[in-house]
Every structure is written in structure tokens, then in C-alpha cells.
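Structure data (CSV, C-alpha atoms and all ligand atoms) from query.csv:
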```
chain,number,residue,atom,x,y,z
A,1,MET,CA,79.0,199.3,365.2
A,2,MET,CA,78.3,202.6,367.0
A,3,LYS,CA,81.2,201.9,369.3
A,4,GLU,CA,83.5,200.6,366.6
A,5,GLU,CA,83.0,202.7,363.5
A,6,PRO,CA,84.6,206.2,363.3
A,7,ILE,CA,82.0,208.8,364.1
A,8,ALA,CA,82.8,210.7,360.9
A,9,ASP,CA,81.8,207.6,358.8
A,10,GLN,CA,78.6,207.3,360.8
A,11,LYS,CA,77.8,211.0,360.1
A,12,GLN,CA,78.5,210.5,356.4
A,13,TYR,CA,76.3,207.4,356.3
A,14,LEU,CA,73.4,209.2,357.9
A,15,ARG,CA,73.8,212.2,355.7
A,16,TRP,CA,73.8,210.0,352.6
A,17,HIS,CA,70.6,208.4,353.7
A,18,LEU,CA,68.9,211.7,354.5
A,19,VAL,CA,69.8,213.1,351.1
A,20,GLU,CA,69.0,209.9,349.3
A,21,SER,CA,65.5,209.8,350.9
A,22,VAL,CA,64.5,213.2,349.4
A,23,THR,CA,66.4,213.4,346.1
A,24,SER,CA,63.0,213.6,344.3
A,25,ALA,CA,62.6,217.1,345.8
A,26,LEU,CA,66.1,218.3,345.4
A,27,PRO,CA,67.7,220.1,342.4
A,28,LYS,CA,68.0,217.9,339.3
A,29,ALA,CA,71.7,217.2,339.9
A,30,PHE,CA,70.9,215.2,343.0
A,31,GLY,CA,68.3,213.1,341.1
A,32,ASP,CA,70.7,212.5,338.3
A,33,GLU,CA,73.4,211.3,340.7
A,34,GLU,CA,70.9,209.1,342.5
A,35,PHE,CA,69.9,207.5,339.2
A,36,ARG,CA,73.6,206.9,338.3
A,37,PHE,CA,73.8,204.9,341.4
A,38,THR,CA,70.5,203.0,340.7
A,39,LYS,CA,71.7,202.2,337.2
A,40,VAL,CA,74.6,200.2,338.5
A,41,LEU,CA,72.4,198.1,340.8
A,42,SER,CA,69.4,197.6,338.5
A,43,GLY,CA,70.7,198.0,335.0
A,44,ALA,CA,68.0,200.6,334.3
A,45,LYS,CA,68.6,202.7,331.1
A,46,GLN,CA,66.5,205.7,332.0
A,47,PRO,CA,64.8,207.0,335.1
A,48,GLN,CA,61.0,206.5,335.7
A,49,PRO,CA,58.9,209.2,334.0
A,50,ARG,CA,58.2,212.2,336.2
A,51,TRP,CA,54.5,211.4,336.6
A,52,ARG,CA,55.3,208.0,338.0
A,53,ARG,CA,57.8,209.4,340.4
A,54,ALA,CA,55.2,212.0,341.5
A,55,PHE,CA,52.6,209.3,342.1
A,56,ALA,CA,55.0,207.2,344.0
A,57,ALA,CA,56.0,210.1,346.2
A,58,THR,CA,52.4,211.0,346.9
A,59,ASP,CA,51.6,207.3,347.6
A,60,GLY,CA,54.5,207.2,350.0
A,61,SER,CA,53.7,210.3,351.9
A,62,LEU,CA,49.9,210.5,351.8
A,63,GLY,CA,49.0,206.9,351.0
A,64,GLU,CA,45.6,206.8,352.5
A,65,ALA,CA,44.4,210.1,351.2
A,66,PHE,CA,45.7,209.2,347.7
A,67,GLY,CA,44.1,205.8,348.2
A,68,GLN,CA,40.7,207.3,348.7
A,69,LEU,CA,40.8,208.9,345.3
A,70,TYR,CA,42.0,205.7,343.8
A,71,VAL,CA,39.2,203.6,345.4
A,72,ASP,CA,36.5,206.1,344.4
A,73,GLU,CA,37.7,205.9,340.8
A,74,ASP,CA,38.5,202.2,340.5
A,75,PHE,CA,37.1,199.9,343.2
A,76,SER,CA,33.4,199.4,343.5
A,77,PRO,CA,31.5,198.0,346.5
A,78,ALA,CA,30.4,195.1,344.1
A,79,ALA,CA,34.0,194.3,343.3
A,80,LYS,CA,34.8,194.2,347.0
A,81,ALA,CA,31.8,191.9,347.8
A,82,ARG,CA,32.9,189.5,345.1
A,83,ALA,CA,36.5,189.4,346.3
A,84,LYS,CA,35.2,188.7,349.8
A,85,ALA,CA,33.1,185.8,348.6
A,86,LEU,CA,36.2,184.4,346.8
A,87,VAL,CA,38.2,184.5,350.0
A,88,GLU,CA,35.5,182.7,351.9
A,89,ASN,CA,35.3,180.0,349.1
A,90,LEU,CA,39.0,179.5,349.5
A,91,ARG,CA,38.8,179.3,353.2
A,92,VAL,CA,36.2,176.4,352.8
A,93,ALA,CA,38.5,174.6,350.3
A,94,TYR,CA,41.5,175.0,352.6
A,95,ALA,CA,39.6,173.6,355.6
A,96,GLU,CA,38.7,170.5,353.5
A,97,ARG,CA,42.4,170.0,352.4
A,98,ILE,CA,43.5,170.3,356.0
A,99,GLN,CA,40.9,167.8,357.1
A,100,SER,CA,41.8,165.3,354.3
A,101,THR,CA,45.7,165.4,354.6
A,102,GLU,CA,46.9,162.0,355.5
A,103,TRP,CA,50.2,163.2,357.1
A,104,MET,CA,48.8,165.4,359.8
A,105,SER,CA,47.5,164.1,363.2
A,106,ALA,CA,44.0,165.0,364.5
A,107,ALA,CA,45.5,167.3,367.2
A,108,THR,CA,47.5,169.4,364.7
A,109,LYS,CA,44.6,169.5,362.3
A,110,ALA,CA,42.3,170.9,365.0
A,111,GLU,CA,44.8,173.7,365.7
A,112,ALA,CA,45.3,174.4,362.0
A,113,LEU,CA,41.6,174.7,361.4
A,114,LYS,CA,41.3,177.0,364.4
A,115,LYS,CA,43.9,179.2,362.9
A,116,LEU,CA,42.4,179.2,359.4
A,117,ASN,CA,39.0,180.1,360.8
A,118,ALA,CA,40.5,183.0,362.8
A,119,PHE,CA,42.1,184.7,359.8
A,120,VAL,CA,41.0,188.3,359.6
A,121,VAL,CA,40.3,189.4,356.1
A,122,LYS,CA,40.9,193.0,354.8
A,123,ILE,CA,39.9,193.8,351.3
A,124,GLY,CA,40.5,197.0,349.2
A,125,TYR,CA,41.0,199.8,351.7
A,126,PRO,CA,40.8,200.4,355.5
A,127,ASP,CA,37.5,200.9,357.3
A,128,LYS,CA,39.0,203.8,359.1
A,129,TRP,CA,41.2,206.2,357.1
A,130,LYS,CA,44.3,207.9,358.6
A,131,ASP,CA,43.7,211.5,359.5
A,132,TYR,CA,46.2,213.8,357.8
A,133,SER,CA,44.7,217.1,359.1
A,134,ALA,CA,47.8,217.8,361.2
A,135,LEU,CA,50.1,217.5,358.2
A,136,LYS,CA,50.7,220.8,356.5
A,137,VAL,CA,51.4,220.6,352.8
A,138,ASN,CA,52.0,223.8,350.7
A,139,ARG,CA,53.2,224.9,347.3
A,140,GLU,CA,56.3,226.6,348.6
A,141,SER,CA,58.7,223.7,349.0
A,142,ALA,CA,58.4,220.1,347.9
A,143,LEU,CA,61.4,219.3,350.2
A,144,ASN,CA,59.6,220.7,353.2
A,145,ASN,CA,56.5,218.7,352.3
A,146,LEU,CA,58.6,215.5,352.4
A,147,PHE,CA,60.1,216.4,355.8
A,148,ALA,CA,56.7,217.3,357.1
A,149,ALA,CA,55.3,214.0,355.9
A,150,ALA,CA,58.2,212.1,357.5
A,151,GLU,CA,57.6,213.9,360.8
A,152,TRP,CA,53.8,213.2,360.7
A,153,SER,CA,54.5,209.5,360.1
A,154,THR,CA,56.9,209.3,363.0
A,155,LYS,CA,54.4,211.0,365.3
A,156,ASP,CA,51.7,208.7,364.0
A,157,ASN,CA,53.8,205.6,365.0
A,158,LEU,CA,54.9,207.0,368.4
A,159,SER,CA,51.2,207.8,369.2
A,160,LYS,CA,50.6,204.0,369.3
A,161,PHE,CA,53.0,203.5,372.1
A,162,GLY,CA,51.5,202.0,375.2
A,163,LYS,CA,48.1,201.7,373.7
A,164,PRO,CA,46.1,198.5,372.9
A,165,VAL,CA,47.0,197.0,369.5
A,166,ASP,CA,45.1,198.7,366.7
A,167,ARG,CA,43.8,195.9,364.5
A,168,THR,CA,42.4,198.2,361.9
A,169,VAL,CA,45.7,199.4,360.5
A,170,TRP,CA,47.0,198.6,357.1
A,171,GLY,CA,50.6,197.9,356.2
A,172,MET,CA,50.1,198.8,352.5
A,173,THR,CA,48.3,201.7,350.8
A,174,PRO,CA,45.1,201.0,348.7
A,175,PRO,CA,46.7,201.5,345.2
A,176,THR,CA,49.5,199.0,346.0
A,177,VAL,CA,49.7,196.0,343.6
A,178,ASN,CA,50.6,193.5,346.4
A,179,ALA,CA,49.1,191.6,349.3
A,180,TYR,CA,50.3,190.3,352.7
A,181,TYR,CA,49.9,187.9,355.6
A,182,ASN,CA,50.6,189.5,359.0
A,183,ALA,CA,51.4,186.7,361.4
A,184,SER,CA,51.0,188.7,364.7
A,185,LEU,CA,47.6,189.8,363.7
A,186,ASN,CA,46.8,186.6,361.9
A,187,GLU,CA,45.3,188.6,359.0
A,188,ILE,CA,45.4,188.4,355.2
A,189,VAL,CA,45.2,191.8,353.4
A,190,PHE,CA,44.4,192.6,349.8
A,191,PRO,CA,44.7,196.2,348.7
A,192,ALA,CA,42.5,197.5,345.9
A,193,GLY,CA,45.6,197.8,343.6
A,194,ILE,CA,45.9,194.0,343.2
A,195,LEU,CA,42.2,193.6,342.7
A,196,GLN,CA,42.4,194.5,339.0
A,197,PRO,CA,43.5,192.6,335.8
A,198,PRO,CA,45.4,190.4,335.3
A,199,PHE,CA,44.8,189.3,338.9
A,200,TYR,CA,41.1,190.0,339.2
A,201,ASP,CA,38.3,191.2,337.0
A,202,PRO,CA,34.7,191.4,338.2
A,203,LYS,CA,33.6,190.9,334.5
A,204,ALA,CA,35.8,187.8,333.9
A,205,ASP,CA,34.8,184.1,334.3
A,206,ASP,CA,35.7,182.3,337.5
A,207,ALA,CA,38.5,180.3,335.9
A,208,VAL,CA,40.4,183.5,335.3
A,209,ASN,CA,39.7,185.0,338.8
A,210,TYR,CA,40.5,181.8,340.7
A,211,GLY,CA,43.7,181.2,338.7
A,212,GLY,CA,44.7,184.9,339.3
A,213,ILE,CA,43.6,186.5,342.6
A,214,GLY,CA,42.5,183.1,343.9
A,215,ALA,CA,46.1,181.8,343.8
A,216,VAL,CA,47.2,185.0,345.5
A,217,ILE,CA,44.5,184.6,348.2
A,218,GLY,CA,45.6,181.0,348.7
A,219,HIS,CA,49.2,182.2,348.8
A,220,GLU,CA,48.6,184.6,351.7
A,221,MET,CA,46.5,182.0,353.5
A,222,THR,CA,49.4,179.4,353.1
A,223,HIS,CA,51.8,181.9,354.7
A,224,GLY,CA,50.0,181.2,357.9
A,225,PHE,CA,51.2,177.6,357.5
A,226,ASP,CA,54.6,178.1,355.8
A,227,ASP,CA,58.0,177.4,357.5
A,228,GLN,CA,57.7,180.7,359.5
A,229,GLY,CA,53.9,181.2,359.8
A,230,ARG,CA,53.3,177.8,361.3
A,231,LYS,CA,55.2,178.9,364.4
A,232,VAL,CA,52.4,181.4,365.3
A,233,ASP,CA,49.0,180.3,366.6
A,234,SER,CA,45.4,181.5,365.8
A,235,GLN,CA,45.8,184.5,368.2
A,236,GLY,CA,49.1,185.6,366.5
A,237,ASN,CA,51.2,184.4,369.4
A,238,LEU,CA,54.5,182.6,368.9
A,239,ARG,CA,53.5,179.1,370.2
A,240,ASP,CA,54.4,175.7,368.8
A,241,TRP,CA,51.0,174.0,368.1
A,242,TRP,CA,52.4,171.1,366.1
A,243,THR,CA,53.0,167.6,367.4
A,244,LYS,CA,56.7,166.8,367.1
A,245,GLU,CA,56.1,164.2,364.5
A,246,ASP,CA,53.8,166.4,362.4
A,247,GLY,CA,56.4,169.2,362.5
A,248,GLU,CA,59.1,166.9,361.3
A,249,LYS,CA,56.9,165.5,358.5
A,250,PHE,CA,56.1,169.1,357.4
A,251,MET,CA,59.8,170.1,357.3
A,252,ALA,CA,60.6,167.0,355.2
A,253,LYS,CA,57.9,168.0,352.7
A,254,ALA,CA,59.2,171.6,352.7
A,255,ASP,CA,62.7,170.3,352.0
A,256,VAL,CA,61.5,168.7,348.7
A,257,VAL,CA,60.4,172.2,347.6
A,258,GLY,CA,63.7,173.8,348.8
A,259,LYS,CA,65.8,171.4,346.7
A,260,GLN,CA,63.6,172.0,343.6
A,261,PHE,CA,64.2,175.7,343.8
A,262,ASP,CA,67.9,175.4,344.7
A,263,ALA,CA,68.3,173.8,341.2
A,264,PHE,CA,66.7,176.6,339.3
A,265,THR,CA,69.3,178.9,337.5
A,266,PRO,CA,67.9,182.1,336.1
A,267,LEU,CA,71.4,183.3,335.1
A,268,ASP,CA,74.5,181.4,334.2
A,269,SER,CA,76.1,181.1,337.6
A,270,VAL,CA,73.2,182.3,339.8
A,271,HIS,CA,71.0,179.8,341.5
A,272,VAL,CA,67.7,180.5,343.3
A,273,ASN,CA,68.3,180.1,347.0
A,274,GLY,CA,65.8,177.4,348.2
A,275,LYS,CA,66.2,178.4,351.8
A,276,LEU,CA,65.8,182.2,351.3
A,277,THR,CA,62.7,181.7,349.1
A,278,MET,CA,61.2,178.8,351.2
A,279,GLY,CA,58.2,180.5,352.7
A,280,GLU,CA,57.2,182.1,349.4
A,281,ASN,CA,57.6,178.9,347.4
A,282,LEU,CA,55.5,177.0,349.9
A,283,ALA,CA,52.9,179.7,349.7
A,284,ASP,CA,52.9,179.6,345.9
A,285,LEU,CA,52.4,175.8,345.8
A,286,GLY,CA,49.9,175.7,348.6
A,287,GLY,CA,48.0,178.7,347.2
A,288,LEU,CA,47.6,177.3,343.8
A,289,THR,CA,46.5,174.0,345.1
A,290,ILE,CA,43.8,175.6,347.3
A,291,ALA,CA,42.7,178.0,344.6
A,292,TYR,CA,42.3,175.0,342.2
A,293,ALA,CA,40.3,173.0,344.7
A,294,ALA,CA,38.0,176.0,345.3
A,295,PHE,CA,37.6,176.6,341.5
A,296,MET,CA,36.5,173.0,341.1
A,297,LYS,CA,33.4,173.7,343.2
A,298,THR,CA,32.2,176.5,340.8
A,299,PRO,CA,29.4,176.0,338.2
A,300,GLN,CA,31.9,176.9,335.5
A,301,ALA,CA,34.3,174.1,336.4
A,302,LYS,CA,31.5,171.6,336.7
A,303,ALA,CA,30.0,172.6,333.3
A,304,GLY,CA,33.3,172.3,331.5
A,305,LYS,CA,32.3,174.5,328.6
A,306,LEU,CA,35.1,175.8,326.3
A,307,ILE,CA,35.8,179.6,326.1
A,308,ASP,CA,38.1,180.7,323.2
A,309,GLY,CA,39.0,177.0,322.7
A,310,PHE,CA,40.2,176.5,326.2
A,311,THR,CA,38.8,174.3,329.0
A,312,PRO,CA,38.0,175.9,332.3
A,313,GLU,CA,41.0,174.2,333.8
A,314,GLN,CA,43.3,175.5,331.1
A,315,ARG,CA,42.0,179.0,331.6
A,316,PHE,CA,42.7,178.7,335.3
A,317,PHE,CA,46.3,177.8,334.7
A,318,LEU,CA,46.8,180.3,331.9
A,319,ASN,CA,45.9,183.2,334.1
A,320,PHE,CA,48.1,181.8,336.9
A,321,ALA,CA,51.0,182.0,334.5
A,322,GLN,CA,50.0,185.5,333.3
A,323,ILE,CA,50.0,187.1,336.8
A,324,TRP,CA,53.7,186.3,337.2
A,325,ARG,CA,54.9,187.7,333.8
A,326,VAL,CA,57.9,190.0,334.3
A,327,ASN,CA,60.5,191.6,332.2
A,328,MET,CA,63.7,192.5,334.1
A,329,ARG,CA,67.3,193.3,333.3
A,330,PRO,CA,70.0,190.8,334.4
A,331,GLU,CA,71.3,193.3,337.0
A,332,THR,CA,67.9,193.4,338.6
A,333,LEU,CA,67.4,189.7,338.4
A,334,ARG,CA,70.8,189.0,340.0
A,335,GLN,CA,69.9,191.4,342.8
A,336,GLN,CA,66.5,189.8,343.3
A,337,VAL,CA,67.9,186.2,343.4
A,338,GLN,CA,70.4,187.3,346.1
A,339,THR,CA,68.2,189.4,348.3
A,340,ASP,CA,64.5,188.8,347.7
A,341,PRO,CA,62.6,186.0,349.4
A,342,HIS,CA,60.4,185.7,346.3
A,343,SER,CA,61.7,183.5,343.4
A,344,PRO,CA,61.8,185.2,340.0
A,345,GLY,CA,58.4,185.1,338.2
A,346,GLN,CA,59.4,182.5,335.8
A,347,PHE,CA,60.0,180.0,338.6
A,348,ARG,CA,57.0,181.1,340.6
A,349,THR,CA,55.1,179.8,337.6
A,350,ILE,CA,57.0,176.7,336.6
A,351,GLY,CA,57.9,175.6,340.1
A,352,PRO,CA,54.4,174.9,341.4
A,353,LEU,CA,53.0,173.6,338.1
A,354,GLN,CA,55.7,171.0,337.7
A,355,ASN,CA,54.4,169.5,340.9
A,356,MET,CA,50.7,169.6,340.0
A,357,PRO,CA,49.0,166.5,338.5
A,358,GLU,CA,45.9,168.7,337.9
A,359,PHE,CA,48.0,170.9,335.5
A,360,HIS,CA,49.5,167.9,333.8
A,361,LYS,CA,46.1,166.5,333.1
A,362,ALA,CA,44.7,169.9,331.9
A,363,PHE,CA,47.3,170.1,329.2
A,364,SER,CA,47.7,166.4,328.5
A,365,CYS,CA,51.3,166.3,329.6
A,366,LYS,CA,53.0,162.9,329.6
A,367,GLU,CA,55.5,161.3,332.0
A,368,GLY,CA,59.0,162.5,331.1
A,369,ASP,CA,57.8,165.9,329.8
A,370,LYS,CA,59.7,169.0,331.0
A,371,MET,CA,56.7,170.3,333.0
A,372,VAL,CA,56.1,166.9,334.7
A,373,ARG,CA,58.3,166.0,337.7
A,374,PRO,CA,58.6,162.3,338.4
A,375,ALA,CA,56.3,161.2,341.2
A,376,SER,CA,59.3,160.4,343.4
A,377,ASN,CA,60.5,164.0,343.3
A,378,ARG,CA,57.1,165.7,343.5
A,379,ALA,CA,56.2,168.1,346.3
A,380,LYS,CA,52.7,168.1,347.8
A,381,ILE,CA,51.8,169.5,351.2
A,382,TRP,CA,48.1,170.5,351.1
A,401,ZN,ZN,54.2,185.8,350.0
```

Show this structure as C-alpha cells.
Ligand SMILES: [Zn+2]
Amino acid sequence: MMKEEPIADQKQYLRWHLVESVTSALPKAFGDEEFRFTKVLSGAKQPQPRWRRAFAATDGSLGEAFGQLYVDEDFSPAAKARAKALVENLRVAYAERIQSTEWMSAATKAEALKKLNAFVVKIGYPDKWKDYSALKVNRESALNNLFAAAEWSTKDNLSKFGKPVDRTVWGMTPPTVNAYYNASLNEIVFPAGILQPPFYDPKADDAVNYGGIGAVIGHEMTHGFDDQGRKVDSQGNLRDWWTKEDGEKFMAKADVVGKQFDAFTPLDSVHVNGKLTMGENLADLGGLTIAYAAFMKTPQAKAGKLIDGFTPEQRFFLNFAQIWRVNMRPETLRQQVQTDPHSPGQFRTIGPLQNMPEFHKAFSCKEGDKMVRPASNRAKIW
């Protein structure tokens, strides 16, 4: 494109990106124009309130300094310890599922277990915080502060060049409500921001926590064994550790999930793209299965006592459904379906549950019910 596109267009394109990246610090007319553009794509009726935009800008520029304040306020060492224990319980449950799958050979199982045991777990916030002392922030110019932060961040990245891999880095800031699996470091990472209700509550019963953050932990673990993650080994290297036959069996099972999601239509003419969302859908189904298996080992699941009229199993699934509640405009939904590897929340909930006999049993669903897929069309991998 650099050779083919007119230089004037390229300049215009770069200028637009530069201006767009700092509209929050430019005179109001720029922000208004930026919002007019966003409105078309997202259907939003009004801009985010100023305090939200200010927090987002601070999180984007000084994420780990901002994160320290957040963690001091809202994430106790006890909450961290309990989350860590949850992760380890899920690791045990996952290992058992791998060992007991009937479709995987002993050789592939051994590699899968090696990979599972090698997962590095990061919870809450980094052990080593970024040092922002070289970044000068002042009260004179918000725009210059943004430029200074961008420059600092570029230098921070360049400083890694030629050095050994830093395994302590985080790809998200502590207040972020999200989590990730990083294939090349073979690590699963859970920022403090997602370790709060409805995902996780140190004061809630196990059913709620396993159905919430448990399913998220299982999801990130399963990314290590989804259609992409499975190509990487326990050391984070791209290496095919599957026997040919096991790889084919896996892809056939994944295909069942792909077809199920292809058939979901969140808007009239818009279908979910089973191929685009494959890894996420596999992670959702696997994650929920593992979280449920881990929950079954807890004293609460074994005792079976009702809380608020619900069985432990029902409470588990109810919170799973709650974590994916969303409310979005059709424009945003349309954009998500076409560009985002995550299926819309509604199908992230319904999709896995339609495949799970444990869910059908918990709510006494019958063959032929909307939430029960016929056995011939049911997906099960782990
Ligand atoms: Zn994911």
C-alpha cells in the first residue's frame, strides 16, 4: 500500500489517526466530531460521562500507577489467595477430564497434561510495577501529557529489544474487567478488575464463584487447548504435539460447535460466524464444563442445601448466565458479530448450556425442550 496509495492520502490517514488518538485532550469541537463518527458505528445516543472518559484516559496512559490505587482500595490479599486456590482446583479438575477423555491417545494426553501443569498463573496485579518516574505529567497541557505518555510507552517497548523475555509483564491493567491466555508465555492472567461481582465475591458461596469466575478461569485454561492454542506446547513454542488422529478427532468435535454458532442469528439477517468465534466458543464450553467439575468437589455441592430456594447446581448456572448479561444497540451488536471473535453474550450463555446434560438435569429440562440439544447434535470435548 505504501507504494500504491497516493502519498497525500497516506498523510491524511496518519493525520486522522493522530488527531483521533488525542481528541479527549483537544477543544470540545474535536470531541463532538469524534462522537458523531462513533454514533454511526455504535448507535450510541450520548458520549460517555466525563468522569468515565477521564478514568479511561488515566488507565490507558498510567495503567499500573492507577492500578495500584485501585488494588489498595478494592483487592485484598485474602481475595487474591482465594482466587489462587480456585485456579488450582480448576487445574486439578481439568487434569482429571484430560485423563478420562475417551477420544485422546495416551501420548497426546501426556503432552496436554504437561502443558496444563506448566500454565503460569497471574492474579490481580503485577509483582513488579512499571516505573513511570521518567514520564513527566503536568497541569499545563492535557495534550502534552498524552504525547508524553505515548512516548514513554514506545520507549518502554523499545527497551525490551534484544533482552531476554520478561515473563513478569502484564498485557492488561489491574482495573480491567477482562482476562487472557497468552500462548507464547503459556500463562493465564486475571486482573483485579474481573475479580469482583458478578464474577467473583469473596463473601459469596462456592456455587456463585465457580459459576462466575470459575467459568472464566476454565475459559482461559481452555484457550490453551482451543483450535489455535493447541498448536503451541507447554513452553509456548509453536509445535504440533498432537497425534494426527487425535488432531482430526479434535477438529471434528470443534466443527460441531462451529455449526451450532453459525446457526445463531442475533439480528434478522446477521448470523454469528462460527469460524471467527471458534476459539472463544470452545473456551466457553470447555471452561464451563471444567468449572462445573471443580464445583462438584466442593463441600457445598456435596451437601446440596438450598439457598433462596435454589440448589447449588442451579446457583452455579444462574451466575454463569449473569456474568454475560449485556445490553447493546443493534449497531454495536452488528459490529460485534462481524468483527469480534467473541459471540454476543446471549449466545455465550445459551450455546454452552444447550450442550450440557448437567444443566438440563439441574433445571429438570426434558428432551425436546428449547435448551436441550438432541444427543446426536450435542458438542462435548472435555
Ligand atoms: Zn477468550

If the limit is 7 Å from any atom of ligand ZN 401 (chain A), counting all atoms listed in the file, which residues qualify? Return them as a PDB file with C-alpha atoms, in the frame of the given file.
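Dumped to pocket23.pdb:
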```
ATOM      1  CA  TYR A 180      50.300 190.300 352.700  1.00  0.00           C
ATOM      2  CA  HIS A 219      49.200 182.200 348.800  1.00  0.00           C
ATOM      3  CA  GLU A 220      48.600 184.600 351.700  1.00  0.00           C
ATOM      4  CA  HIS A 223      51.800 181.900 354.700  1.00  0.00           C
ATOM      5  CA  GLU A 280      57.200 182.100 349.400  1.00  0.00           C
ATOM      6  CA  ALA A 283      52.900 179.700 349.700  1.00  0.00           C
TER       7      ALA A 283
END
```

Within 8 Å of A:Val120 using only C-alpha atoms, minus same-chain residues under 2 positions, as a PDB file with C-alpha atoms, keeping the file's coordinate frame:
```
ATOM      1  CA  ALA A 118      40.500 183.000 362.800  1.00  0.00           C
ATOM      2  CA  LYS A 122      40.900 193.000 354.800  1.00  0.00           C
ATOM      3  CA  LEU A 185      47.600 189.800 363.700  1.00  0.00           C
ATOM      4  CA  ASN A 186      46.800 186.600 361.900  1.00  0.00           C
ATOM      5  CA  GLU A 187      45.300 188.600 359.000  1.00  0.00           C
ATOM      6  CA  ILE A 188      45.400 188.400 355.200  1.00  0.00           C
TER       7      ILE A 188
END
```

Identify the residues within 10 Å of coordinate (65.1, 187.3, 348.9) (same frame as the file), considering all atoms listed in the file, and give the answer as a CSV table (one decimal) with C-alpha atoms, in the frame of the given file.
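Result file follows (out_37.csv):
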```
chain,number,residue,atom,x,y,z
A,272,VAL,CA,67.7,180.5,343.3
A,273,ASN,CA,68.3,180.1,347.0
A,274,GLY,CA,65.8,177.4,348.2
A,275,LYS,CA,66.2,178.4,351.8
A,276,LEU,CA,65.8,182.2,351.3
A,277,THR,CA,62.7,181.7,349.1
A,278,MET,CA,61.2,178.8,351.2
A,280,GLU,CA,57.2,182.1,349.4
A,335,GLN,CA,69.9,191.4,342.8
A,336,GLN,CA,66.5,189.8,343.3
A,337,VAL,CA,67.9,186.2,343.4
A,338,GLN,CA,70.4,187.3,346.1
A,339,THR,CA,68.2,189.4,348.3
A,340,ASP,CA,64.5,188.8,347.7
A,341,PRO,CA,62.6,186.0,349.4
A,342,HIS,CA,60.4,185.7,346.3
A,343,SER,CA,61.7,183.5,343.4
A,344,PRO,CA,61.8,185.2,340.0
```

If we count only C-alpha atoms, what is near A:Gly214 at a cut-off of 8 Å, once residues fewer than 6 positions away on the same chain are taken out, given as a list in words?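 Contacts, in chain order: Leu86, Val87, Leu90, Gly287, Leu288 and Ala291 of chain A.
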
Could you check which of A:Arg378, A:Lys28, A:Lys45, A:Arg239 is closest to A:Leu285, using only C-alpha atoms? A:Arg378

One decimal, in Å: what's the spacing between atom CA of A:Lys370 and atom CA of A:Lys253?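 The value is 21.8 Å.
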
In Å, with one decimal, what is the gap from atom CA of A:Ala362 to atom CA of A:Ile213? 19.8 Å

Pairwise distance for atom CA of A:Asp72 and atom CA of A:Ala54, rounded to one decimal in Å: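 A separation of 19.8 Å between them.
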
Could you give me, as a tab-separated table, every stretch 320-353 of chain A residue with an atom at most 10 Å from stretch 255-269 of chain A, plus its closest atom pair and distance in Å to one decimal, counting only C-alpha atoms, rows ordered by chain then number?
```
residue	atom	partner	partner_atom	distance
A:Pro330	CA	A:Leu267	CA	7.7
A:Leu333	CA	A:Pro266	CA	8.0
A:Arg334	CA	A:Leu267	CA	7.5
A:Val337	CA	A:Pro266	CA	8.4
A:Ser343	CA	A:Phe261	CA	8.2
A:Pro344	CA	A:Pro266	CA	7.9
A:Gln346	CA	A:Pro266	CA	8.5
A:Phe347	CA	A:Phe264	CA	7.5
A:Arg348	CA	A:Phe261	CA	9.6
A:Gly351	CA	A:Phe261	CA	7.3
A:Pro352	CA	A:Val257	CA	9.0
```

Which polymer residues have any atom within 8 Å of an atom of stretch 208-211 of chain A, counting all atoms listed in the file, with same-chain residues fewer than 2 positions away left out, as a count of residues only? 21

Nearest to A:Ile381 among A:Gly345, A:Pro49, A:Gly286, A:Pro312, with distances taken over only C-alpha atoms: which residue is it?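 Counting only C-alpha atoms, the residue closest to A:Ile381 is A:Gly286.
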
Excluding same-chain residues fewer than 4 positions from A:Lys297, what lies within 10 Å of it counting all atoms listed in the file, as a PyMOL selection string? chain A and resi 89+93+292-293+301-302

Taking only C-alpha atoms into account, which of A:Leu195, A:Met296, A:Leu18, A:Val137 comes nearest A:Tyr125?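 Comparing A:Leu195, A:Met296, A:Leu18, A:Val137 against A:Tyr125, the winner is A:Leu195.
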
Distance criterion (all atoms listed in the file): nearest to A:His17 out of A:Val169, A:Met251, A:Glu34, A:Val40: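 Using all atoms listed in the file, A:His17 sits closest to A:Glu34.
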
Shortest interatomic distance to A:Asn145 - which of A:Gly368, A:Gly60, A:Pro77, A:Gly67, counting all atoms listed in the file: A:Gly60
